[in-house]
file run.cif (mmCIF, C-alpha atoms)
data_data
loop_
_atom_site.label_atom_id
_atom_site.label_comp_id
_atom_site.auth_asym_id
_atom_site.auth_seq_id
_atom_site.Cartn_x
_atom_site.Cartn_y
_atom_site.Cartn_z
CA MET A 1 12.15 -33.70 -7.97
CA ALA A 2 9.49 -31.13 -8.77
CA PRO A 3 7.03 -30.26 -5.99
CA THR A 4 3.69 -32.03 -6.28
CA GLY A 5 0.31 -30.49 -5.64
CA THR A 6 0.24 -31.96 -2.13
CA ASP A 7 3.60 -30.38 -1.30
CA ILE A 8 2.40 -26.96 -2.47
CA PHE A 9 -0.87 -27.40 -0.56
CA LEU A 10 1.04 -28.22 2.63
CA LEU A 11 3.50 -25.33 2.10
CA PHE A 12 0.64 -22.84 1.85
CA LEU A 13 -1.58 -24.49 4.48
CA PRO A 14 -1.49 -21.46 6.87
CA GLU A 15 -2.61 -19.09 4.10
CA ILE A 16 -5.33 -21.53 3.04
CA THR A 17 -6.54 -21.78 6.67
CA LEU A 18 -6.72 -17.99 6.84
CA ALA A 19 -8.58 -17.81 3.52
CA VAL A 20 -11.13 -20.33 4.82
CA MET A 21 -11.58 -18.25 8.00
CA ILE A 22 -12.10 -15.06 5.97
CA THR A 23 -14.67 -16.82 3.80
CA TYR A 24 -16.42 -18.06 6.93
CA LEU A 25 -16.44 -14.51 8.35
CA ILE A 26 -17.92 -13.13 5.12
CA SER A 27 -20.67 -15.75 5.33
CA VAL A 28 -21.32 -14.76 8.98
CA ILE A 29 -21.50 -11.08 7.99
CA ALA A 30 -23.91 -11.91 5.18
CA THR A 31 -26.08 -13.93 7.57
CA GLU A 32 -26.11 -11.14 10.16
CA LEU A 33 -27.00 -8.58 7.52
CA ALA A 34 -29.78 -10.78 6.22
CA ALA A 35 -31.13 -11.41 9.73
CA ASN A 36 -30.87 -7.95 11.30
CA ARG A 37 -30.58 -5.21 8.76
CA ALA A 38 -33.35 -6.25 6.37
CA PRO A 39 -36.23 -5.93 8.90
CA LYS A 40 -35.00 -2.48 9.98
CA VAL A 41 -34.86 -1.28 6.40
CA LEU A 42 -38.34 -2.65 5.84
CA ALA A 43 -39.59 -0.94 9.01
CA ILE A 44 -38.22 2.43 7.87
CA GLU A 45 -39.83 1.99 4.48
CA CYS A 46 -43.16 1.13 6.05
CA MET B 1 5.13 -33.51 4.40
CA GLY B 2 7.40 -34.81 1.65
CA PRO B 3 10.76 -33.29 0.80
CA ALA B 4 11.40 -29.80 2.18
CA TYR B 5 10.95 -27.16 -0.51
CA SER B 6 12.69 -23.97 0.41
CA MET B 7 12.35 -21.34 -2.26
CA PRO B 8 11.81 -17.63 -2.76
CA VAL B 9 8.45 -16.76 -4.29
CA ALA B 10 6.74 -13.57 -5.49
CA ASN B 11 9.80 -12.13 -7.19
CA ASN B 12 12.09 -12.78 -4.19
CA TYR B 13 9.85 -10.81 -1.83
CA LEU B 14 8.60 -13.86 0.05
CA TYR B 15 10.19 -17.13 1.07
CA VAL B 16 8.51 -20.46 1.75
CA SER B 17 10.02 -23.42 3.56
CA LYS B 18 8.91 -26.29 5.76
CA GLY B 19 10.02 -24.57 8.98
CA LEU B 20 8.33 -21.31 8.06
CA THR B 21 5.11 -23.16 7.22
CA VAL B 22 5.09 -24.77 10.68
CA SER B 23 5.72 -21.34 12.26
CA LYS B 24 2.96 -19.71 10.23
CA LEU B 25 0.58 -22.53 11.07
CA PHE B 26 1.34 -21.97 14.76
CA VAL B 27 0.65 -18.23 14.35
CA VAL B 28 -2.64 -18.87 12.52
CA LEU B 29 -3.89 -21.54 14.94
CA THR B 30 -3.06 -19.53 18.08
CA SER B 31 -4.70 -16.44 16.53
CA LEU B 32 -7.84 -18.40 15.72
CA PHE B 33 -7.82 -19.77 19.26
CA VAL B 34 -7.61 -16.20 20.60
CA LEU B 35 -10.45 -15.20 18.24
CA HIS B 36 -12.53 -18.06 19.60
CA LEU B 37 -11.77 -17.04 23.21
CA SER B 38 -12.74 -13.44 22.50
CA GLU B 39 -16.30 -14.38 21.53
CA ASN B 40 -17.73 -13.47 24.94
CA TYR B 41 -15.85 -10.18 24.99
CA ILE B 42 -17.17 -9.30 21.55
CA ARG B 43 -20.74 -10.11 22.60
CA GLU B 44 -20.42 -7.85 25.66
CA GLN B 45 -19.50 -4.95 23.38
CA SER B 46 -22.78 -4.27 21.64
CA ARG B 47 -21.16 -1.95 19.06
CA HIS B 48 -18.66 -2.87 16.34
CA VAL B 49 -19.23 -6.59 16.70
CA LEU B 50 -17.90 -7.70 13.34
CA GLU B 51 -15.04 -5.24 13.07
CA PHE B 52 -13.10 -7.02 15.82
CA SER B 53 -12.92 -10.26 13.85
CA VAL B 54 -12.13 -8.47 10.59
CA ILE B 55 -9.26 -6.54 12.16
CA ILE B 56 -7.84 -9.65 13.85
CA LEU B 57 -7.96 -11.57 10.53
CA LEU B 58 -6.25 -8.67 8.75
CA ALA B 59 -3.59 -8.65 11.47
CA ILE B 60 -3.06 -12.42 11.00
CA LEU B 61 -2.59 -11.88 7.25
CA LEU B 62 0.06 -9.25 7.92
CA LEU B 63 1.77 -11.55 10.44
CA LEU B 64 1.98 -14.26 7.77
CA VAL B 65 3.54 -11.78 5.35
CA LEU B 66 5.95 -10.72 8.11
CA VAL B 67 7.08 -14.29 8.78
CA SER B 68 7.51 -15.09 5.06
CA ALA B 69 9.17 -11.79 4.17
CA ASN B 70 12.44 -12.06 2.29
CA ASN B 71 13.02 -8.33 2.00
CA LEU B 72 13.60 -5.74 4.72
CA MET B 73 11.16 -3.22 3.23
CA LEU B 74 8.42 -5.86 3.26
CA VAL B 75 9.28 -6.55 6.91
CA PHE B 76 8.85 -2.85 7.66
CA PHE B 77 5.56 -2.52 5.78
CA SER B 78 4.01 -5.59 7.37
CA LEU B 79 5.18 -4.48 10.84
CA ALA B 80 3.72 -1.01 10.31
CA GLY B 81 0.44 -2.40 8.95
CA PHE B 82 0.18 -4.87 11.80
CA SER B 83 0.77 -2.07 14.33
CA LEU B 84 -2.04 -0.02 12.74
CA ASN B 85 -4.42 -2.91 13.41
CA LEU B 86 -3.23 -3.18 17.00
CA TYR B 87 -3.85 0.53 17.70
CA ILE B 88 -7.50 -0.05 16.79
CA LEU B 89 -7.74 -3.29 18.76
CA ILE B 90 -6.24 -1.79 21.92
CA LEU B 91 -8.63 1.17 21.65
CA TYR B 92 -11.56 -1.14 20.95
CA ASP B 93 -13.31 -0.10 24.16
CA GLY B 94 -12.88 3.63 23.60
CA ALA B 95 -14.84 4.60 26.72
CA ASP B 96 -12.23 3.00 28.98
CA LEU B 97 -9.55 5.47 30.08
CA ALA B 98 -6.93 2.73 30.58
CA SER B 99 -7.48 1.55 27.00
CA ARG B 100 -6.96 5.04 25.64
CA GLU B 101 -3.78 5.46 27.65
CA ALA B 102 -2.49 2.05 26.54
CA SER B 103 -3.28 2.79 22.91
CA LEU B 104 -1.45 6.11 23.01
CA LYS B 105 1.57 4.54 24.72
CA TYR B 106 1.68 1.72 22.21
CA PHE B 107 1.37 4.27 19.40
CA TYR B 108 4.43 6.17 20.67
CA LEU B 109 6.42 3.00 21.31
CA SER B 110 5.55 1.42 17.98
CA THR B 111 6.21 4.58 15.98
CA LEU B 112 9.60 4.98 17.62
CA SER B 113 10.60 1.39 16.93
CA SER B 114 9.31 1.54 13.33
CA GLY B 115 11.33 4.71 12.81
CA LEU B 116 14.47 3.04 14.15
CA ILE B 117 13.99 0.01 11.89
CA LEU B 118 13.30 2.22 8.86
CA PHE B 119 16.42 4.29 9.51
CA GLY B 120 18.50 1.12 9.79
CA ILE B 121 17.04 -0.17 6.52
CA LEU B 122 17.78 3.19 4.87
CA LEU B 123 21.44 3.05 5.94
CA MET B 124 21.69 -0.54 4.74
CA TYR B 125 20.14 0.35 1.38
CA VAL B 126 22.56 3.26 0.96
CA MET B 127 25.54 0.98 1.59
CA ILE B 128 24.45 -2.26 -0.12
CA GLY B 129 21.98 -1.03 -2.73
CA ASP B 130 19.47 -3.78 -2.01
CA VAL B 131 17.61 -4.99 1.06
CA THR B 132 16.80 -8.55 0.05
CA TYR B 133 17.99 -11.10 2.62
CA TYR B 134 19.98 -12.98 -0.01
CA THR B 135 21.90 -9.85 -1.05
CA ILE B 136 22.60 -8.87 2.56
CA ARG B 137 23.90 -12.39 3.31
CA PHE B 138 26.13 -12.28 0.23
CA TYR B 139 27.43 -8.79 1.06
CA MET B 140 28.17 -9.64 4.68
CA SER B 141 30.30 -12.62 3.63
CA THR B 142 32.61 -10.40 1.54
CA ASP B 143 35.44 -8.18 2.76
CA ILE B 144 33.97 -4.83 3.74
CA ASP B 145 36.08 -1.67 3.93
CA PRO B 146 36.18 0.09 7.35
CA LYS B 147 34.14 3.13 6.28
CA THR B 148 31.28 1.00 5.00
CA LEU B 149 31.61 -1.24 8.02
CA SER B 150 31.00 1.63 10.45
CA VAL B 151 27.80 2.68 8.63
CA LEU B 152 26.62 -0.95 8.40
CA SER B 153 27.26 -1.39 12.13
CA ALA B 154 25.07 1.66 12.80
CA ALA B 155 22.37 0.20 10.51
CA VAL B 156 22.48 -3.13 12.33
CA LEU B 157 22.31 -1.32 15.68
CA PHE B 158 19.20 0.65 14.65
CA ILE B 159 17.46 -2.43 13.26
CA LEU B 160 18.25 -4.51 16.37
CA LEU B 161 17.10 -1.70 18.68
CA GLY B 162 13.84 -1.37 16.75
CA PHE B 163 13.24 -5.11 16.96
CA PHE B 164 14.00 -5.11 20.69
CA PHE B 165 11.26 -2.51 21.12
CA LYS B 166 8.88 -4.60 19.00
CA LEU B 167 9.71 -7.68 21.07
CA SER B 168 9.21 -5.74 24.33
CA ALA B 169 12.80 -6.53 25.19
CA PHE B 170 15.15 -4.34 27.23
CA PRO B 171 14.45 -0.71 26.23
CA GLY B 172 10.72 -1.22 25.66
CA HIS B 173 9.80 -3.55 28.51
CA LEU B 174 8.67 -0.73 30.84
CA TRP B 175 6.09 0.58 28.36
CA ALA B 176 5.00 -2.89 27.32
CA VAL B 177 3.67 -3.72 30.78
CA GLU B 178 1.50 -0.60 30.81
CA VAL B 179 0.21 -1.37 27.31
CA TYR B 180 -0.72 -4.92 28.37
CA ASP B 181 -2.38 -3.55 31.51
CA GLY B 182 -4.70 -1.25 29.60
CA SER B 183 -5.53 -3.57 26.69
CA PRO B 184 -8.66 -5.72 26.58
CA MET B 185 -7.87 -9.33 27.55
CA PRO B 186 -8.33 -10.97 24.10
CA VAL B 187 -6.22 -8.26 22.48
CA MET B 188 -3.52 -8.80 25.07
CA ALA B 189 -3.58 -12.54 24.37
CA PHE B 190 -3.24 -11.87 20.65
CA PHE B 191 -0.47 -9.39 21.31
CA ILE B 192 1.53 -11.71 23.53
CA LEU B 193 1.32 -15.05 21.74
CA PRO B 194 0.94 -14.97 17.92
CA ALA B 195 2.29 -11.47 17.36
CA LYS B 196 5.38 -11.91 19.51
CA VAL B 197 6.09 -15.35 18.04
CA ALA B 198 5.87 -13.94 14.49
CA ILE B 199 8.12 -10.99 15.32
CA PHE B 200 10.61 -13.29 17.06
CA ILE B 201 10.77 -15.63 14.04
CA THR B 202 11.32 -12.62 11.77
CA PHE B 203 14.07 -11.46 14.13
CA LEU B 204 15.76 -14.86 13.97
CA ARG B 205 15.51 -14.93 10.17
CA LEU B 206 17.00 -11.45 10.06
CA LEU B 207 19.93 -12.54 12.22
CA ASN B 208 20.36 -15.55 9.95
CA THR B 209 21.08 -13.22 7.01
CA GLY B 210 24.48 -12.63 8.57
CA LEU B 211 23.57 -9.27 10.03
CA LEU B 212 26.03 -9.73 12.89
CA ASP B 213 28.56 -11.68 10.86
CA PHE B 214 31.02 -9.11 9.59
CA SER B 215 33.95 -10.98 8.07
CA SER B 216 36.24 -7.96 8.49
CA ILE B 217 35.94 -7.96 12.30
#

call {"tool": "encode", "arguments": {"input": "run.cif", "output": "structure tokens"}}
result
Amino acid sequence: MAPTGTDIFLLFLPEITLAVMITYLISVIATELAANRAPKVLAIEC
Amino acid sequence: MGPAYSMPVANNYLYVSKGLTVSKLFVVLTSLFVLHLSENYIREQSRHVLEFSVIILLAILLLLVLVSANNLMLVFFSLAGFSLNLYILILYDGADLASREASLKYFYLSTLSSGLILFGILLMYVMIGDVTYYTIRFYMSTDIDPKTLSVLSAAVLFILLGFFFKLSAFPGHLWAVEVYDGSPMPVMAFFILPAKVAIFITFLRLLNTGLLDFSSI
């Protein structure tokens, strides 16, 4: 019997979990950059 | 999960199976738990806040490759890459003298064990011509002539010794304690639980290739 999509999803669940975590981290980095770096850059320009 | 699908993927370099998925899931979940616990530590260190998480996630990725590896060279590369991440993590608080000492000791220990494993792989490649688990298992089940057997025994000895160092077993246990002592607490937790579990699973998979099963003996 050929593996179904669910089987493949479950087989690669650890990698998918890690990918989700990396995506979350990238979003956190983007948020931090937007919150902290932008005002400093503006202050230097002013 | 439905039926167990055990198959080599990525041109025989990686292997996926139900048991390995459970092991990898354990490694990922414990690593994420350690990452969650280290939040306070990261906040105390005002510098390099994001790098800690990035390096831990990179280390988890290499641990997953290590557990799935179906080729000895891939095992070596993922072990070496994982160790590189750990040097940085142990030296995360660079102002602390104990951290510097622990990082240097781990560097020596890890380099030595990687060298031993690489030399064992080299000997095995010279004798067998391939370092895929499947080929090793097939070769070990055949009749091996005594000259080849002596070189293969040396290869197995080097690989086992290297893995004992990586597992902080007998020859490396004295250094391991000092490395743990000097490491930051979250790094030590990461080092002890997910990393050791992944290396131990790799070690078991390696033994399962018939590394100790010489039919001529």

call {"tool": "resolve_selection", "arguments": {"input": "run.cif", "expression": "the PyMOL selection byres ((chain B) within 6 of (chain A))", "output": "CSV table (one decimal) with C-alpha atoms, keeping the file's coordinate frame"}}
result
chain,number,residue,atom,x,y,z
B,21,THR,CA,5.1,-23.2,7.2
B,24,LYS,CA,3.0,-19.7,10.2
B,25,LEU,CA,0.6,-22.5,11.1

call {"tool": "atom_distance", "arguments": {"input": "run.cif", "atom1": "CA of Tyr15 (chain B)", "atom2": "CA of Asn208 (chain B)"}}
result
13.6 Å

call {"tool": "atom_distance", "arguments": {"input": "run.cif", "atom1": "CA of Leu66 (chain B)", "atom2": "CA of Asp181 (chain B)"}}
result
25.9 Å

call {"tool": "atom_distance", "arguments": {"input": "run.cif", "atom1": "CA of Glu178 (chain B)", "atom2": "CA of Phe82 (chain B)"}}
result
19.5 Å

call {"tool": "resolve_selection", "arguments": {"input": "run.cif", "expression": "the PyMOL selection byres ((chain B and resi 117-129) around 12)", "output": "PyMOL selection string"}}
result
chain B and resi 71-77+79-80+110-116+130-140+142+144-145+147-166+203+206+211

call {"tool": "axis_aligned_box", "arguments": {"input": "run.cif", "around": "region 12-18 of chain A", "padding_each_side": "4 Å", "output": "JSON"}}
result
{"center_x": -3.0, "center_y": -21.2, "center_z": 4.4, "size_x": 15.4, "size_y": 14.5, "size_z": 13.0}

call {"tool": "resolve_selection", "arguments": {"input": "run.cif", "expression": "the PyMOL selection byres ((chain B and resi 49-64) around 7)", "output": "ChimeraX atom specification"}}
result
/B:24,28,42,45-48,65-68,78,81-82,85,195,198

call {"tool": "residues_near_point", "arguments": {"input": "run.cif", "point": "(-6.1, 2.0, 20.2)", "cutoff": "9 Å", "atoms": "all atoms listed in the file", "output": "NGL selection string"}}
result
:B and (84-94 or 99-104 or 106-107 or 183)

call {"tool": "write_last_selection", "arguments": {"input": "run.cif", "atoms": "C-alpha atoms", "output": "PDB file, in the frame of the given file"}}
result
ATOM      1  CA  LEU B  84      -2.040  -0.020  12.740  1.00  0.00           C
ATOM      2  CA  ASN B  85      -4.420  -2.910  13.410  1.00  0.00           C
ATOM      3  CA  LEU B  86      -3.230  -3.180  17.000  1.00  0.00           C
ATOM      4  CA  TYR B  87      -3.850   0.530  17.700  1.00  0.00           C
ATOM      5  CA  ILE B  88      -7.500  -0.050  16.790  1.00  0.00           C
ATOM      6  CA  LEU B  89      -7.740  -3.290  18.760  1.00  0.00           C
ATOM      7  CA  ILE B  90      -6.240  -1.790  21.920  1.00  0.00           C
ATOM      8  CA  LEU B  91      -8.630   1.170  21.650  1.00  0.00           C
ATOM      9  CA  TYR B  92     -11.560  -1.140  20.950  1.00  0.00           C
ATOM     10  CA  ASP B  93     -13.310  -0.100  24.160  1.00  0.00           C
ATOM     11  CA  GLY B  94     -12.880   3.630  23.600  1.00  0.00           C
ATOM     12  CA  SER B  99      -7.480   1.550  27.000  1.00  0.00           C
ATOM     13  CA  ARG B 100      -6.960   5.040  25.640  1.00  0.00           C
ATOM     14  CA  GLU B 101      -3.780   5.460  27.650  1.00  0.00           C
ATOM     15  CA  ALA B 102      -2.490   2.050  26.540  1.00  0.00           C
ATOM     16  CA  SER B 103      -3.280   2.790  22.910  1.00  0.00           C
ATOM     17  CA  LEU B 104      -1.450   6.110  23.010  1.00  0.00           C
ATOM     18  CA  TYR B 106       1.680   1.720  22.210  1.00  0.00           C
ATOM     19  CA  PHE B 107       1.370   4.270  19.400  1.00  0.00           C
ATOM     20  CA  SER B 183      -5.530  -3.570  26.690  1.00  0.00           C
TER      21      SER B 183
END
